[in-house]
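Trainee: Contents are compact mmCIF, C-alpha atoms; file name entry_11.txt:
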```txt
# COMPACT_ATOMS: atom_id res chain seq x y z
CA GLN E 1 27.72 53.48 18.78
CA ASP E 2 25.52 53.28 15.73
CA GLY E 3 28.62 53.14 13.51
CA ASP E 4 29.97 50.19 15.51
CA ALA E 5 26.76 48.25 14.99
CA LYS E 6 26.93 48.89 11.23
CA ARG E 7 30.58 47.74 11.11
CA ARG E 8 29.71 44.55 13.00
CA LYS E 9 26.85 43.90 10.61
CA VAL E 10 29.12 44.37 7.58
CA LYS E 11 31.78 42.12 9.13
CA SER E 12 29.30 39.32 9.78
CA GLY E 13 28.01 39.58 6.21
CA ASP E 14 31.60 39.55 4.99
CA GLY E 15 32.25 36.42 7.08
CA TYR E 16 29.31 34.71 5.41
CA PHE E 17 30.70 35.62 1.99
CA ARG E 18 34.13 34.19 2.91
CA LEU E 19 32.54 31.01 4.22
CA GLN E 20 30.55 30.66 1.00
CA GLN E 21 33.75 31.16 -1.03
CA ARG E 22 35.52 28.43 0.95
CA LEU E 23 32.63 26.03 0.51
CA ASP E 24 32.52 26.73 -3.24
CA GLU E 25 36.27 26.15 -3.37
CA LEU E 26 35.95 22.79 -1.61
CA TYR E 27 33.05 21.60 -3.76
CA SER E 28 34.36 22.72 -7.14
CA HIS E 29 38.04 21.71 -7.00
CA ALA E 30 39.86 18.40 -6.59
CA TRP E 31 41.35 17.69 -3.17
CA GLN E 32 44.72 16.20 -2.42
CA ILE E 33 44.71 14.74 1.08
CA ILE E 34 47.94 15.58 2.87
CA GLN E 35 47.19 14.14 6.31
CA ILE E 36 44.35 12.64 8.33
CA VAL E 37 44.57 13.30 12.07
CA GLN E 38 42.31 11.71 14.69
CA LEU E 39 40.96 14.29 17.13
CA ASP E 40 40.27 13.76 20.83
CA ALA E 41 36.64 12.73 20.38
CA ALA E 42 35.89 9.26 19.01
CA GLY E 43 35.06 9.27 15.32
CA LYS E 44 36.20 12.85 14.70
CA TYR E 45 39.08 13.62 12.36
CA ALA E 46 40.83 16.60 10.84
CA LEU E 47 41.80 16.36 7.19
CA TRP E 48 44.62 18.54 5.93
CA ILE E 49 43.95 18.95 2.23
CA TYR E 50 45.51 20.83 -0.64
CA VAL E 51 42.82 22.44 -2.76
CA ASN E 52 43.04 25.31 -5.25
CA HIS E 53 46.69 26.05 -4.38
CA ARG E 54 45.91 26.32 -0.66
CA VAL E 55 46.22 24.05 2.35
CA ARG E 56 42.95 23.76 4.24
CA ARG E 57 41.85 21.96 7.40
CA VAL E 58 38.50 20.21 7.18
CA LYS E 59 36.80 18.59 10.17
CA LEU E 60 35.13 15.27 9.57
CA GLN E 61 32.86 13.12 11.72
CA VAL E 62 32.77 9.51 10.62
CA LYS E 63 29.88 7.23 11.48
CA ARG E 64 30.56 3.52 11.83
CA PRO E 65 28.47 1.39 9.49
CA PHE E 66 28.01 -2.28 10.28
CA TYR E 67 25.71 -4.99 9.02
CA ILE E 68 23.43 -7.48 10.75
CA ASN E 69 22.14 -10.49 8.80
CA ILE E 70 18.80 -11.56 10.29
CA ASN E 71 16.44 -14.45 9.52
CA ASP E 72 13.29 -12.52 10.47
CA VAL E 73 13.48 -8.70 10.49
CA GLN E 74 10.06 -8.38 12.15
CA SER E 75 11.47 -9.94 15.32
CA PHE E 76 13.64 -6.79 15.74
CA PRO E 77 11.30 -3.81 15.14
CA ARG E 78 13.72 -1.24 16.66
CA LEU E 79 16.53 -2.40 14.39
CA GLU E 80 14.29 -2.34 11.35
CA SER E 81 13.32 1.28 12.00
CA ARG E 82 16.94 2.41 12.70
CA GLY E 83 18.62 0.60 9.81
CA LYS E 84 18.00 0.02 6.14
CA LEU E 85 17.83 -3.19 4.17
CA VAL E 86 20.75 -3.54 1.78
CA SER E 87 22.22 -6.11 -0.57
CA ARG E 88 25.91 -7.00 -0.14
CA VAL E 89 28.14 -9.99 -0.75
CA LEU E 90 28.96 -11.51 2.62
CA PRO E 91 32.27 -13.15 3.57
CA ARG E 92 32.74 -16.88 3.05
CA SER E 93 29.71 -16.95 0.72
CA ARG E 94 27.26 -16.68 3.61
CA PRO E 95 23.64 -16.38 2.42
CA VAL E 96 22.03 -12.94 2.63
CA LEU E 97 18.78 -13.27 4.57
CA SER E 98 17.67 -9.79 5.63
CA LEU E 99 20.81 -7.68 5.75
CA LEU E 100 20.39 -4.47 7.74
CA GLU E 101 22.92 -1.64 7.56
CA LEU E 102 23.17 0.41 10.74
CA GLN E 103 25.25 3.55 11.21
CA LEU E 104 26.20 4.84 14.64
CA LYS E 105 28.42 7.63 15.86
CA GLU E 106 31.68 6.10 17.05
CA ASP E 107 31.13 6.95 20.72
CA ASP E 108 27.64 5.38 20.60
CA PHE E 109 29.09 2.33 18.88
CA GLN E 110 31.75 1.91 21.56
CA ALA E 111 29.17 2.35 24.33
CA GLN E 112 26.86 -0.25 22.76
CA SER E 113 29.53 -2.74 21.63
CA LYS E 114 28.52 -5.31 24.26
CA GLU E 115 24.88 -5.18 23.14
CA ILE E 116 25.97 -5.53 19.52
CA SER E 117 28.11 -8.56 20.30
CA MET E 118 25.14 -10.11 22.15
CA PHE E 119 23.26 -10.21 18.83
CA LEU E 120 25.49 -13.08 17.82
CA THR E 121 23.82 -15.32 20.41
CA HIS E 122 20.25 -14.64 19.23
CA PRO E 123 18.85 -17.54 17.16
CA ASP E 124 17.44 -15.22 14.44
CA VAL E 125 20.79 -13.53 13.80
CA GLU E 126 23.09 -15.18 11.27
CA GLY E 127 25.96 -12.72 11.81
CA VAL E 128 27.20 -9.20 12.52
CA TYR E 129 29.68 -7.85 9.94
CA GLU E 130 32.28 -5.09 9.59
CA THR E 131 32.40 -4.08 13.25
CA ASN E 132 36.21 -4.23 13.29
CA VAL E 133 36.94 -2.16 10.18
CA PRO E 134 39.12 0.83 11.22
CA LEU E 135 37.54 4.24 10.67
CA LEU E 136 40.69 5.49 8.96
CA PHE E 137 40.22 2.77 6.34
CA ARG E 138 36.61 3.87 5.89
CA ILE E 139 37.71 7.48 5.35
CA VAL E 140 40.30 6.60 2.75
CA SER E 141 38.08 4.10 0.92
CA ASN E 142 35.05 6.42 0.87
CA LEU E 143 36.87 9.61 -0.11
CA GLY E 144 39.19 7.89 -2.55
CA CYS E 145 40.35 10.39 -5.13
CA CYS E 146 38.42 13.62 -4.65
```
Please express the file's structure as structure tokens.

Mentor:
Amino acid sequence: QDGDAKRRKVKSGDGYFRLQQRLDELYSHAWQIIQIVQLDAAGKYALWIYVNHRVRRVKLQVKRPFYININDVQSFPRLESRGKLVSRVLPRSRPVLSLLELQLKEDDFQAQSKEISMFLTHPDVEGVYETNVPLLFRIVSNLGCC
């Protein structure tokens, strides 16, 4: 029995070493994306990549960023604490007032989409941007050439 416990301990240490090797491989070599597959859960994807002469599967969870342009940020204290003020060029040359970037998990975003669309009716909100950008586009544009 004591020998079994030692073997299990060595195996778990060996597993850590293999995991560390795989992580080093992913971080230190260029990736070639072969395929991006959407998984069952919203916002979760599997990337099939070619790295260091091997094909690897990498799981990826993508958050949905969107922007809210507000006249007075203090009138939305919860938003101010959850988002961050950013500077972007808005469509149709709209003026940037106080532009907040918020990032939600895709399932949270879908559950709160009605509340988000209700922001458009508030008098202090100039607009809500990038809510309809597909997550696949976000993946490709953010990863680019790895």

Trainee: Excluding segment 41-43 of chain E and its own-chain neighbours fewer than 2 positions away, which residues fall within 8 Å of it when counting all atoms listed in the file? Please give them as a list of chain:residue names.

Mentor: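 In the requested form, the answer reads E:Gln38, E:Leu39, E:Tyr45, E:Gln61, E:Val62, E:Lys63, E:Lys105, E:Glu106, E:Asp107, E:Leu135.
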
Trainee: Could those selected residues go to a file with C-alpha atoms, as a compact mmCIF listing (two decimals), in the coordinates of the input?

Mentor:
```txt
# COMPACT_ATOMS: atom_id res chain seq x y z
CA GLN E 38 42.31 11.71 14.69
CA LEU E 39 40.96 14.29 17.13
CA TYR E 45 39.08 13.62 12.36
CA GLN E 61 32.86 13.12 11.72
CA VAL E 62 32.77 9.51 10.62
CA LYS E 63 29.88 7.23 11.48
CA LYS E 105 28.42 7.63 15.86
CA GLU E 106 31.68 6.10 17.05
CA ASP E 107 31.13 6.95 20.72
CA LEU E 135 37.54 4.24 10.67
```

Trainee: How far is it from atom CA of Val140 of chain E to atom CA of Leu100 of chain E, in Å with one decimal?

Mentor: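 Between atom CA of Val140 of chain E and atom CA of Leu100 of chain E the gap works out to 23.3 Å.
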
Trainee: Taking only C-alpha atoms into account, name the residue in E:Asn142, E:Asp72, E:Ile33, E:Phe66 that is nearest to Ser113 of chain E.

Mentor: E:Phe66

Trainee: Find the residues near Glu80 of chain E: any atom within 12 Å, counting only C-alpha atoms, skip ones fewer than 4 places away on the same chain, and give them as a ChimeraX atom specification.

Mentor: /E:67-70,72-76,84-86,98-102

Trainee: Report, in Å with one decimal, the straight-line distance from atom CA of Val125 of chain E to atom CA of Gln110 of chain E.

Mentor: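 Atom CA of Gln110 of chain E lies at a distance of 20.5 Å from atom CA of Val125 of chain E.
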
Trainee: How many Å lie between atom CA of Asn132 of chain E and atom CA of Arg64 of chain E, rounded to one decimal?

Mentor: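 Separating atom CA of Asn132 of chain E from atom CA of Arg64 of chain E is a distance of 9.7 Å.
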
Trainee: Kindly indicate which residue among E:Val128, E:Leu143, E:Val96, E:Leu90 lies nearest to Ala30 of chain E, using all atoms listed in the file for the distances.

Mentor: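 The closest residue to Ala30 of chain E is E:Leu143.
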
Trainee: Let me have the centre and edge lengths of the axis-aligned box enclosing all listed atoms of segment 102-115 of chain E with 4 Å padding on every side, in Å to one decimal, as lines of an AutoDock Vina configuration file.

Mentor:
```
center_x = 27.5
center_y = 1.2
center_z = 17.5
size_x = 16.6
size_y = 20.9
size_z = 21.6
```
